[in-house]
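K.L.:
I have a structure I would like to understand better, so I am pasting it below and will then ask my questions one at a time.
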Amino acid sequence: MNENPSIDLDLGFIGFDEMNPLITSDRRLIHEILENNTSNNKYKLIRSAVETEGDNFVILRKFDKQQKSHCIVWANALDLALNMKNKWQIQLTVNFPNYSHINNIPQISTLLLSDIARKEYLNELNKDFIKNTELLSNDNNLTFNDFVIISRASPAVSLGLGNIKGNLGLGADGDINILDINVKNIDISKEYKKLHSALSNIEYVIKSGEIIKKNEDIDLKPPGKIFWSEGKVDDTNKITVMNKKKEYYTKFGSTFYDALQVSIDTDSLRHII
């Protein structure tokens, strides 16, 4: 067991929503900074390693099942998840709303746990892609235990919350989903529709030991928690970047950062050690 995951494998694209909002403009801003970067600093800005939150730019993009390139990205995500030996290096996230919707978790799960479900789904995709994809011959399936790891335990450990989240041990928060399915009595890889149905209709949800969902009755009154942690970051270029962002959004946007400031009651925070 590896309790220090080094890879965050975002499986949201497996949901294959045909239309998604992309709520960010970081990419355009980063591209502009890259194009005009005259600094002699040997450490250059890298697109894939930069994420600046707080943007309010929205565009729509379409994922087309008949576009071969889109299908290849979809298949790559599945191949990585199915072939990676250490499942503790995978965190199942959907990156909503930029990729898949949270409601697509049941479908994503069946594609990971059932090669039969994958082969049926492949029939909807680009024909040229289907002829050349190795997914047709990949009969690897995640077990239900693997699914619990990538969707619960591994994300908790990667965030430093493994002692209170993603487990049922003493001192844990007691957040539990109860499904109407007995995985010991069925072969999920063959009867994947039963798993899909169980995940789509979770019967009980328990938060901090209290039932907040019982069948169709939902109680959203129990308050949640905001987590925070202390750390040090290199903010050498923070002023330069923030000035560029303010200039950028003044020119192209309709909101200003001053309007996005929020206050948080520190009593609501839980310190992560």
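Residues are referred to by chain and number: the chain letter is A, B, ... according to the order shown in the structure tokens, the number counts from 1 in that chain, and ligands are numbered separately from 1 in the order shown.
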Give me, as CSV, the closest atom pair and its distance (Å, one decimal) for every residue of range 54-131 of chain A within a cut-off of 10 Å of range 198-218 of chain A, counting only C-alpha atoms, rows sorted by chain and rising number.
P.N.:
residue,atom,partner,partner_atom,distance
A:Asn103,CA,A:Ser200,CA,7.8
A:Asn104,CA,A:Ser200,CA,9.0
A:Ile105,CA,A:Leu199,CA,7.8
A:Pro106,CA,A:Leu199,CA,5.4
A:Gln107,CA,A:Leu199,CA,9.0
A:Ser109,CA,A:Leu199,CA,8.8
A:Thr110,CA,A:Leu199,CA,9.9
K.L.:
Got time to write the residues from that selection, C-alpha atoms, as an mmCIF file, in the first residue's frame?
P.N.:
data_model
loop_
_atom_site.group_PDB
_atom_site.id
_atom_site.type_symbol
_atom_site.label_atom_id
_atom_site.label_comp_id
_atom_site.auth_asym_id
_atom_site.auth_seq_id
_atom_site.Cartn_x
_atom_site.Cartn_y
_atom_site.Cartn_z
ATOM 1 C CA ASN A 103 -24.041 12.416 -11.850
ATOM 2 C CA ASN A 104 -21.789 10.509 -14.250
ATOM 3 C CA ILE A 105 -19.993 8.715 -11.420
ATOM 4 C CA PRO A 106 -22.204 5.582 -11.845
ATOM 5 C CA GLN A 107 -21.318 5.364 -15.539
ATOM 6 C CA SER A 109 -17.627 3.327 -12.320
ATOM 7 C CA THR A 110 -19.152 0.688 -14.582
#
K.L.:
In range 26-271 of chain A, what's alpha helix (DSSP H) per DSSP? Answer as an MDAnalysis selection string?
P.N.:
chainID A and resid 26:35 68:83 105:113 115:122 127:132 144:148 154:158 192:200 238:252
K.L.:
Provide the CA of His196 in chain A to CA of Phe63 in chain A distance in Å, to one decimal place.
P.N.:
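Separation between CA of His196 in chain A and CA of Phe63 in chain A: 22.6 Å.
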K.L.:
Using only C-alpha atoms, which residue out of A:Asp64, A:Thr236, A:Lys225, A:Leu220 lies closest to Leu125 in chain A?
P.N.:
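For Leu125 in chain A, the nearest of the candidates is A:Asp64.
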K.L.:
Could you check the closest approach to Asn132 in chain A for each of A:Arg118, A:Lys85, A:Lys68, A:Lys245 and tell me which residue wins, using only C-alpha atoms?
P.N.:
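Result for the nearest residue to Asn132 in chain A: A:Lys68.
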K.L.:
Residues near His271 in chain A, anyone? I mean within 10 Å using only C-alpha atoms, not counting same-chain ones fewer than 6 positions away, as a PyMOL selection string.
P.N.:
chain A and resi 226-230
K.L.:
I'd like the interatomic distance between CA of Asp175 in chain A and CA of Ser189 in chain A, to a tenth of an Å.
P.N.:
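CA of Asp175 in chain A sits 26.9 Å away from CA of Ser189 in chain A.
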K.L.:
Which polymer residues have any atom within 12 Å of an atom of Leu112 in chain A, counting only C-alpha atoms, with same-chain residues fewer than 4 positions away left out, as a ChimeraX atom specification?
P.N.:
/A:11,14-15,75,77-83,92,105-108,116-119,121,135,138-144,146-147,150-151,188-189,192,195-196
K.L.:
One number please: CA of Lys165 in chain A to CA of Gln89 in chain A, in Å, one decimal.
P.N.:
16.8 Å
K.L.:
Select, from A:Ile178, A:Val94, A:Val157, A:Met84, the residue with the minimum atom-to-atom distance to Phe16 in chain A, counting only C-alpha atoms.
P.N.:
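Closest to Phe16 in chain A of all the choices is A:Val94.
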